[in-house]
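Engineer: Have a look at the structure that comes next, please.
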Amino acid sequence: MSHTVLVVEDEPNIVLSLQFILKQAGFTVRVARDGELALKAIDDYVPDLVLLDIMLPKQDGFSVCEAIRANRRCDKVKIIMLSAKSRDADKERAMALGADEFVTKPFSTRELGQMVKDIVAFKPSVS
Amino acid sequence: MNRTGRKKEWSILLFVVCLIAFVPPVLTIFDKPGLVFGIPLSILYLFGTWSAVIIFTAIGAHRRSPEERTIARAKVDDKSAASGPQVR
Amino acid sequence: MSGGLVLTVSFLYLGLLFAIAQFVDKRAETKRPLTRNPYIYTLSIAVFCTSWTFYGSVGLAANKGLDFLPIYLGPTFVFVLWSVVWVKIIRICKLHRITSIADFIASRYGKRAGLGGLVTVIAVVGTMPYISLQLKSIATSFRILVGSSESVLLTAPTDPIFFIDTTLIVAIALALFAILFGTRHIDASEHHEGLVAAIAFESVVKLVAFLAVGFFVTFGLYNGFTDLFATAAQRGMTELFTVNADSDYSLWMTMTILSMAAIICLPRQFYITAVENPDESYLRKTTWLFPLYLLVINIFVLPIALAGRLIFEGQSAPADADMFMLTVPLFHDQGVLALVAFVGGLSAATSMVIVAAIALSTMVCNDLIMPLLLRWRWLNISKNDDLTGLLLTIRRVSILLVLILGYVYYLIASESYTLVTIGLVSFSAAAQFAPAIIGGIFWKGGSYRGALAGLALGFLVWLYTLLLPSFAQSGWLPISFIEDGPWGITLLKPYALFGMEGFDRLTHALIWSMLLNIGAYWIVSLISQQTAIERIQGTLFVDVFGHSDDEKDSRYWRGSATISDLQQLVGRFVGGQRVAEAFSGFAASRDINLRKSQTADATMLDFAEKMLAGAIGSATARVMMGSVVKGEIVGLDEVYRILDETSQVIEYSHRLEQKSAELEEATTQLRNANERLKELDSLKDHFLSMVSHELRTPLTSLRAFGEILADNPDVPLEERAQFLNVIIKESQRLTRLIDQLLDLARMEAGQMDWSLDVIDMGSAVEEALAALEGLVQENSVHMNINVPEMLPAVRADRDQLIQVVINLVSNAIKYCNKQKGEITVTVSSETDGVLVNVLDNGRGIPDEIMDQIFEKFHQSAGIGDDKPQGSGLGLAICREIVTFLGGEIWVANDIGGGASFSFTIPRADRQQARLSAE
C-alpha cells in the first residue's frame with residue numbers, strides 16, 4: 001500500500017508540480033487549498049506526510065501545523081513546511097511547532113522528492 | 001506672577017468695550033431723544049449696554065480658571081496671616 | 001407733618017441701625033458672622049450711593065437730562081476690571097494689615113509718616129464738601145417734610161428749628177452716632193461686622209425707598225414708562241432724554257473718569273471694599289452685583305425728574321429739583337410715601353457719613369496725630385502707660401472734627417450749589433490719589449518723593465481751581481478772585497488757569513490737576529533715588545501674588561528685643577489681654593513655647609509690627625518698633641537684595657518650569673517619531689517579505705516544471721504542453737510583477753516620467769476595456785458600459801489612466817460572481833471632474849479590510865475561496881496614479897452586494913490651478 005501525502009498549497013501551479021513529482025515517486029496525493037480544508041482532510045484521513053505551505057488563506061501554515069501536532073491521531077504524521085519567505089525566524093518557528101523539515105521556495109524537485117522519500121521511509125524508527 | 005489667566009484678558013477686553021461704547025463717537029450715534037417702543041433711544045441704549053456689560057462681567061467672573069485656584073489659596077493665606085506669618 | 005413725628009421716626013430708624021450692629025457683633029463673638037457672604041459685602045459697597053444719588057441725581061436729571069449716569073458707569077467699569085485692580089489691592093491690604101487709604105499709600109512708598117499725613121489732609125479736606133452735601137440734604141428734607149405747606153414745596157424754609165440751625169443738630173447727632181458705632185474696637189484693620197451689617201441694611205432701605213417713589217410716580221401717576229415719556233415729549237422736555245450736549249460730552253467723560261477714580265480712592269470706598277473685605281472670593285459675585293445695584297437704583301431717576309418737572313413747571317418760582325423725591329409725593333398728598341422717601345434719604349446720608357467718619361478718623365489718628373505726638377515727644381514711649389484709651393479718644397475727637405468741618409463747609413459754600421456740584425468737588429479731590437495708588441501697584445519705580453510731589457501739586461491745583469472759587473462765589477473771598485484772577489492777573493483766573501478756556505470748571509480742574517499730579521509723580525520718581533525700604537515695599541506691592549506665599553520680609557528686623565518688650569509695646573496700643581492671646585495663638589501656630597525673657601526672632605518681630613500696624617498704621621508702627629528693638633534695623637539694602645534675588649529665583653524657576661515643559665513635549669515628539677520609524681521599519685520589512693513571497697511563488701513553479709521536464713523526457717505530449725504553458729504564464733506573471741514594483745517604486749520616489757496631456761476619458765476607458773476583451777470572454781463576464789458622448793476633457797497621462805481602468809476592471813473580473821459575472825463601468829461628468837465607477841456583482845469587501853485595500857499587498861488574505869491571481873500591487877498603483885493626477889479614489893460596497901470602486905480625475909480647465917498649487 002502506498003503512502004499518502006497531503007499537499008496543502010493555494011498556488012495551483014505549484015500544486016500541479018508537486019502532484020507530478022509525488023505521484024511519480026509512488027505516493028498517493030491529496031490536495032487542500034487552504035488551512036481549513038487541510039484540517040478537514042486530516043479529520044477524514046490521516047496522511048503519512050503533510051507538505052504544508054505557510055502563506056495560506058483563512059488559516060496559516062503555522063496554526064495548521066500546531067493543530068496537527070495537537071491531534072493525537074496524527075502522532076506519526078510527518079510535516080514538511082514550505083515557505084516563500086526564507087527568513088530564519090520562520091524556520092525556527094516552524095521547527096519549534098513540530099515541523100520535521102523546512103523547505104524554502106523555489107525548491108529543487110529532485111531534493112524535495114528525495115527528502116519526502118527519506119522521511120516517510122524512516123517512519124517506523126521514528127515512532 | 002502666575003496670574004495671567006483668561007480671566008484677566010476677559011476683564012480687559014470688556015473694559016475696552018465699555019470705553020468704546022460709553023464715549024463719543026459711538027455714544028453720539030445712540031444719544032437721540034426719539035422714542036423707540038415709547039422709550040427714548042438714548043435710555044434704551046445706555047441701560048441696555050450697561051446690562052449687557054453686567055451680564056458679561058458675571059459670566060467672566062463665573063468661569064473656572066487657574067485664577068480661581070489662586071483665590072482659593074488666598075483664603076488659606078488669609079487664615080495664616082491671622083495666626084501670624086509663616087517661616088519658610 | 002409734625003416735626004415730632006419725623007424726629008421720632010428718624011431716631012427710631014437710627015436706633016434700629018444700632019440694634020442691628022449690636023446684634024451682629026454679639027453674634028460674631030460666638031458664631032460665624034452673618035456678614036460673611038458676598039451679598040452683604042456688595043450691599044456695604046453700595047455706601048457709594050449717598051444723598052447725592054438719592055436726591056442729587058434726580059435734581060441733575062431734571063435740569064441736564066442723562067448727565068447723572070457717568071457717576072455710576074465709572075464704578076461699573078472699575079468693577080469690570082476687578083481681577084486686575086481689586087484683587088490686587090485687597091490682597092495687599094490683607095497681607096500688610098492696611099487700615100486706610102493713607103496707610104496704603106504711606107506703606108507703599110516706604111512707610112514714611114509724611115506721605116500718610118498729606119494723604120490724610122487731602123482726604124479730610126476733600127471729604128468736607130461731601131459731608132456737607134449729606135448734612136444739607138438731611139436738613140433740607142427735614143424742613144420740607146415738617147413745613148409741608150404749598151410754598152414749602154418750592155423753596156425750603158431756612159429758619160432755625162429749636163432755635164439752633166437744623167444742620168448743626170444733624171451734624172452733631174450723626175457724629176455721636178458714628179462715634180458710638182465706629183470706635184468700639186481699637187484694631188482698625190479688624191472687621192467691623194456690626195458696622196458692615198448696618199451699612200448693608202441701609203443700602204436695602206434706600207433702594208426700597210427709591211423704588212417705592214419710582215413705582216408710585218411711574219405706575220401711580222402715569223401708566224408706565226411709555227406714558228410718562230410720551231407726556232414729557234409732548235410738553236417739550238425731549239432735551240432731558242439725552243446727555244446734555246452743551247459741553248460736547250467733555251463733562252460726561254470727566255465725570256466718568258472722576259467716578260472711576262472715586263470708587264477706588266474715596267476713603268470710605270477704599271475702606272469698605274478693601275479693608276473690610278472678609279474674603280477675596282466674594283469679589284466674584286460682587287463684581288457684577290454691585291453694578292447691578294447701581295443700575296437698579298438709577299432706573300427711576302429720570303422718570304421722577306420728569307414727573308417733578310411736569311408738576312412744578314407752571315409754578316411761579318423754580319422748584320428745588322434736588323428735593324423732587326419728597327415734593328412729588330407731597331404734592332399728591334402721599335404723606336407716608338414722603339416719609340418713606342425721607343427715611344431712604346436719611347439712610348443714604350447716614351451710611352456715607354458713618355463710614356467716611358470712621359475711615360477718616362482712623363487716618364487722622366494713625367497717620368496724622370500719632371506721628372506728630374511721636375515727633376514732639378509728648379508721648380513718653382518709654383513709659384508703659386496703656387495707650388488704648390488715648391487712641392480711642394483721638395479717634396472720637398476726629399470724628400467730631402470731621403463732621404464739624406463738613407458743617408463749616410456747608411455754612412461757607414454749599415447753600416448756593418446743587419448737591420451734585422458739591423459732590424463732584426469731593427470726587428476731584430479723591431481722584432488725586434489715583435496716580436499714587438495705581439502707579440504704586442503696577443510700577444515698582446514709583447518713589448516716595450514722586451508720590452509726595454504728585455499728591456501735593458494735584459491737591460494744590462484742586463484747592464485753587466475748585467475749592468477756593470467756591471468760597472469766592474459764596475462771598476467769603478472777593479468775587480474778583482474768579483473774574484479777574486488774584487491781584488488782577490488774568491493768567492491765574494481759577495476757572496481759566498493759564499488761559500485754558502472753553503471747558504467746564506470740572507474738566508478744567510481735572511486736566512490741570514492730573515497733568516501736574518501724574519507728571520510730577522512720574523518725573524520725580526524717575527529722577528529721585530529710591531531708598532531700600534521703598535524698593536522693598538514697591539516689590540512687595542507690585543509682586544504681591546509672587547510673594548504672598550512666604551513672608552520674606554520677615555527678615556526685616558535683625559536687632560534683638562525680648563518677647564516681653566514686644567508684648568508690652570503692642571499691648572499699650574491694642575490692650576494687654578488681646579496681645580497676650582494673640583501672642584500665645586501665634587506661638588501655638590508655630591509650635592513653640594514663649595518665654596518672657598526670650599529674644600524674639602525675626603518672624604516674631606514681623607508679627608508684632610503687623611499687629612501694631614493694624615492699630616496705629618504702618619508708619620507709626622515702624623517707628624514704635626524701632627524704639628524697642630535694640631540694634632540697627634537691619635541692612636535694608638540686604639533685605640532688598642534678598643527680596644530681589646527671590647524674585648529672580650521665582651522668575652528663574654518659572655522659566656525652568658517652562659523649559660521642562662518644552663523638554664517633555666520634545667520627548668513626546670521624539671517618542672512619536674520613534675514609533676513612526678518603527679512602524680515604517682516594520683512596514684518595510686513586511687513589504688520586503690511580501691515582495692520576496694510574490695517573486696518566489698512564480699519562480700517555484702518555473703523551477704519545478706523546468707526540472708520536471710528536464711528529468712522526465714518521456715512525459716506525454718499533452719502534459720508537456722500544459723507544463724510549458726505554466727512556465728510561460730508564470731514568466732509573464734513574474735515580468736508583470738517586476739514592472740509593477742518598479743512603477744510603484746518610481747511613483748513613490750517621484751521619479752515617474754509622466755506624459756501629461758489633455759485627453760478624453762471616454763476613449764481611454766474604451767481602450768482599456770478593449771485590452772481586457774480576452775479576459776472578459778475567458779471568464780464569460782457580462783459587461784455593462786455607460787460612457788456618455790460629451791465628456792469634459794481631463795489632463796492626465798493616458799497610458800497610466802488606462803492602467804488604472806485595467807487594474808480596476810481586472811480586479812472586478814477576479815472578484816465578481818463566478819457563475820454569472822456582471823460588471824458595470826460608468827463614466828460621468830461631475831462639477832470638478834470626471835468620475836469613473838466600476839461595479840461588480842461579487843460579495844463585496846469585508847469591512848475590516850476596507851481601509852487597507854489600497855495598501856500594497858493587501859489583496860489576498862481572506863477573500864473568496866481561491867487565491868486571487870495578482871500581485872496585490874494593482875490598487876496601490878491605482879491610488880498612486882489617481883492621487884498624482886489630482887483626483888481621488890475610494891471604494892464602497894454596493895447595496896446589491898458587489899464592490900464599487902470609483903475614482904475622479906479633475907477637469908483639464910480646473911486642474912491647472914490645483915497642480916500648480918501643489
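For the C-alpha cells, the naming scheme is as follows: chains receive sequential letters (A, B, ...) according to their order of presentation, residues are indexed from 1 within each chain, and ligands are indexed from 1 in presentation order.
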Using only C-alpha atoms and a distance of at most 12 Å, pull out the residues of chain A that contact chain C, as number ranges by chain.
Structural biologist: A: 9-22, 24, 32-37, 53-60, 82-87, 90, 103-113
Engineer: Skipping near chain neighbours, those fewer than 4 positions away, what residues fall within 12 Å of Leu13 (chain B) using only C-alpha atoms, listed as JSON, numbers by chain?
Structural biologist: {"B": [6, 7, 8, 9, 17, 18, 19, 20, 53, 56, 57, 60], "C": [77, 80, 81, 84]}
Engineer: So that I can see what lies close to Ile43 (chain B), please list as a VMD selection string the residues with an atom at most 12 Å from it, counting only C-alpha atoms and leaving out residues fewer than 5 positions away in the same chain.
Structural biologist: (chain B and resid 27 30 to 38 48 to 51) or (chain C and resid 65 to 67 69 225 229 238 240 to 243 295 298 to 303)
Engineer: In Å, how far is it from CA of Ala453 (chain C) to CA of Tyr521 (chain C)?
Structural biologist: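 Between CA of Ala453 (chain C) and CA of Tyr521 (chain C) the gap is 6.2 Å.
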Engineer: Quick one: of B:Ala52, B:Ala21, B:Pro40, B:Tyr45, who's nearest to chain C, counting only C-alpha atoms?
Structural biologist: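 The closest residue to chain C is B:Pro40.
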Engineer: What residues in chain C have any atom no more than 8 Å from chain B when counting only C-alpha atoms, and can you write them as a ChimeraX atom specification?
Structural biologist: /C:73,76-77,80-84,91,94-95,225-227,229-230,238-239,241-243,249,253,279-281,284-285,287-288,291-292,295,543,545-546,548-552,554,582,585-586,589-590,603,606-607
Engineer: Can you check which residues of region 2-119 of chain A DSSP gives as helix (DSSP H, G or I) on the backbone and send them as a ChimeraX atom specification?
Structural biologist: /A:12-24,35-44,61-70,72-74,88-96,109-119
Engineer: Between CA of Ile738 (chain C) and CA of Ala892 (chain C), what is the distance, to one decimal in Å?
Structural biologist: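 Computed distance, CA of Ile738 (chain C) to CA of Ala892 (chain C), equals 29.4 Å.
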Engineer: In Å, rounded to a single decimal, give me how far CA of Ala496 (chain C) is from CA of Ala430 (chain C).
Structural biologist: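 Computing the Euclidean distance for CA of Ala430 (chain C) and CA of Ala496 (chain C) yields 21.8 Å.
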Engineer: Which one is closest to Asp333 (chain C): C:Leu145, C:Trp890, C:Lys856, C:Ser525? Count only C-alpha atoms.
Structural biologist: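 Closest to Asp333 (chain C) of all the choices is C:Leu145.
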Engineer: Name the residues in contact with Leu52 (chain A) at a cut-off of 8 Å, using only C-alpha atoms, excluding same-chain residues fewer than 5 positions from it; report them as a PyMOL selection string.
Structural biologist: chain A and resi 7-9+61+65+79-82
Engineer: Hey, can you spit out that residue selection with all heavy atoms as a PDB file, in the first residue's frame?
Structural biologist:
ATOM      1  N   VAL A   7      -0.972  17.533   0.287  1.00  0.00           N
ATOM      2  CA  VAL A   7      -0.325  18.771  -0.150  1.00  0.00           C
ATOM      3  C   VAL A   7      -1.258  19.946   0.212  1.00  0.00           C
ATOM      4  O   VAL A   7      -2.395  19.992  -0.246  1.00  0.00           O
ATOM      5  CB  VAL A   7      -0.063  18.753  -1.667  1.00  0.00           C
ATOM      6  CG1 VAL A   7       0.461  20.117  -2.126  1.00  0.00           C
ATOM      7  CG2 VAL A   7       0.911  17.658  -2.006  1.00  0.00           C
ATOM      8  N   VAL A   8      -0.750  20.811   1.061  1.00  0.00           N
ATOM      9  CA  VAL A   8      -1.550  21.992   1.425  1.00  0.00           C
ATOM     10  C   VAL A   8      -0.895  23.212   0.793  1.00  0.00           C
ATOM     11  O   VAL A   8       0.164  23.663   1.210  1.00  0.00           O
ATOM     12  CB  VAL A   8      -1.623  22.171   2.955  1.00  0.00           C
ATOM     13  CG1 VAL A   8      -2.627  23.273   3.302  1.00  0.00           C
ATOM     14  CG2 VAL A   8      -1.996  20.873   3.635  1.00  0.00           C
ATOM     15  N   GLU A   9      -1.547  23.735  -0.248  1.00  0.00           N
ATOM     16  CA  GLU A   9      -0.908  24.793  -1.043  1.00  0.00           C
ATOM     17  C   GLU A   9      -2.013  25.493  -1.825  1.00  0.00           C
ATOM     18  O   GLU A   9      -2.950  24.865  -2.309  1.00  0.00           O
ATOM     19  CB  GLU A   9       0.129  24.153  -1.982  1.00  0.00           C
ATOM     20  CG  GLU A   9       0.702  25.051  -3.049  1.00  0.00           C
ATOM     21  CD  GLU A   9       1.575  26.173  -2.492  1.00  0.00           C
ATOM     22  OE1 GLU A   9       2.706  25.918  -2.081  1.00  0.00           O
ATOM     23  OE2 GLU A   9       1.068  27.344  -2.463  1.00  0.00           O
ATOM     24  N   GLY A  61      -0.085  28.347   7.737  1.00  0.00           N
ATOM     25  CA  GLY A  61       0.584  27.053   7.910  1.00  0.00           C
ATOM     26  C   GLY A  61       0.988  26.781   9.340  1.00  0.00           C
ATOM     27  O   GLY A  61       0.903  25.646   9.819  1.00  0.00           O
ATOM     28  N   CYS A  65      -0.074  23.498  11.426  1.00  0.00           N
ATOM     29  CA  CYS A  65       0.960  22.627  11.983  1.00  0.00           C
ATOM     30  C   CYS A  65       0.698  22.365  13.467  1.00  0.00           C
ATOM     31  O   CYS A  65       0.742  21.242  13.946  1.00  0.00           O
ATOM     32  CB  CYS A  65       2.321  23.286  11.780  1.00  0.00           C
ATOM     33  SG  CYS A  65       3.684  22.371  12.526  1.00  0.00           S
ATOM     34  N   ILE A  79       5.735  16.307   8.918  1.00  0.00           N
ATOM     35  CA  ILE A  79       5.361  17.596   8.333  1.00  0.00           C
ATOM     36  C   ILE A  79       6.586  18.244   7.700  1.00  0.00           C
ATOM     37  O   ILE A  79       7.633  18.388   8.327  1.00  0.00           O
ATOM     38  CB  ILE A  79       4.779  18.550   9.388  1.00  0.00           C
ATOM     39  CG1 ILE A  79       3.482  17.974   9.966  1.00  0.00           C
ATOM     40  CG2 ILE A  79       4.511  19.927   8.783  1.00  0.00           C
ATOM     41  CD1 ILE A  79       2.894  18.766  11.111  1.00  0.00           C
ATOM     42  N   ILE A  80       6.449  18.615   6.439  1.00  0.00           N
ATOM     43  CA  ILE A  80       7.480  19.434   5.792  1.00  0.00           C
ATOM     44  C   ILE A  80       6.836  20.780   5.471  1.00  0.00           C
ATOM     45  O   ILE A  80       5.797  20.820   4.808  1.00  0.00           O
ATOM     46  CB  ILE A  80       7.994  18.787   4.484  1.00  0.00           C
ATOM     47  CG1 ILE A  80       8.622  17.432   4.791  1.00  0.00           C
ATOM     48  CG2 ILE A  80       8.977  19.724   3.798  1.00  0.00           C
ATOM     49  CD1 ILE A  80       9.091  16.694   3.541  1.00  0.00           C
ATOM     50  N   MET A  81       7.431  21.814   5.952  1.00  0.00           N
ATOM     51  CA  MET A  81       6.852  23.127   5.693  1.00  0.00           C
ATOM     52  C   MET A  81       7.541  23.783   4.525  1.00  0.00           C
ATOM     53  O   MET A  81       8.754  23.718   4.367  1.00  0.00           O
ATOM     54  CB  MET A  81       6.941  24.011   6.938  1.00  0.00           C
ATOM     55  CG  MET A  81       6.133  23.438   8.084  1.00  0.00           C
ATOM     56  SD  MET A  81       5.597  24.670   9.271  1.00  0.00           S
ATOM     57  CE  MET A  81       4.235  25.406   8.443  1.00  0.00           C
ATOM     58  N   LEU A  82       6.701  24.434   3.701  1.00  0.00           N
ATOM     59  CA  LEU A  82       7.224  25.139   2.534  1.00  0.00           C
ATOM     60  C   LEU A  82       7.005  26.634   2.747  1.00  0.00           C
ATOM     61  O   LEU A  82       5.947  27.038   3.207  1.00  0.00           O
ATOM     62  CB  LEU A  82       6.450  24.739   1.270  1.00  0.00           C
ATOM     63  CG  LEU A  82       6.460  23.268   0.913  1.00  0.00           C
ATOM     64  CD1 LEU A  82       5.553  23.034  -0.286  1.00  0.00           C
ATOM     65  CD2 LEU A  82       7.880  22.830   0.584  1.00  0.00           C
TER      66      LEU A  82
END
Engineer: Enumerate as a ChimeraX atom specification all residues of chain A assigned to strand (DSSP E) by DSSP on the backbone, naming them with the chain letters and numbers the document uses.
Structural biologist: /A:4-8,28-32,49-53,78-83,101-104
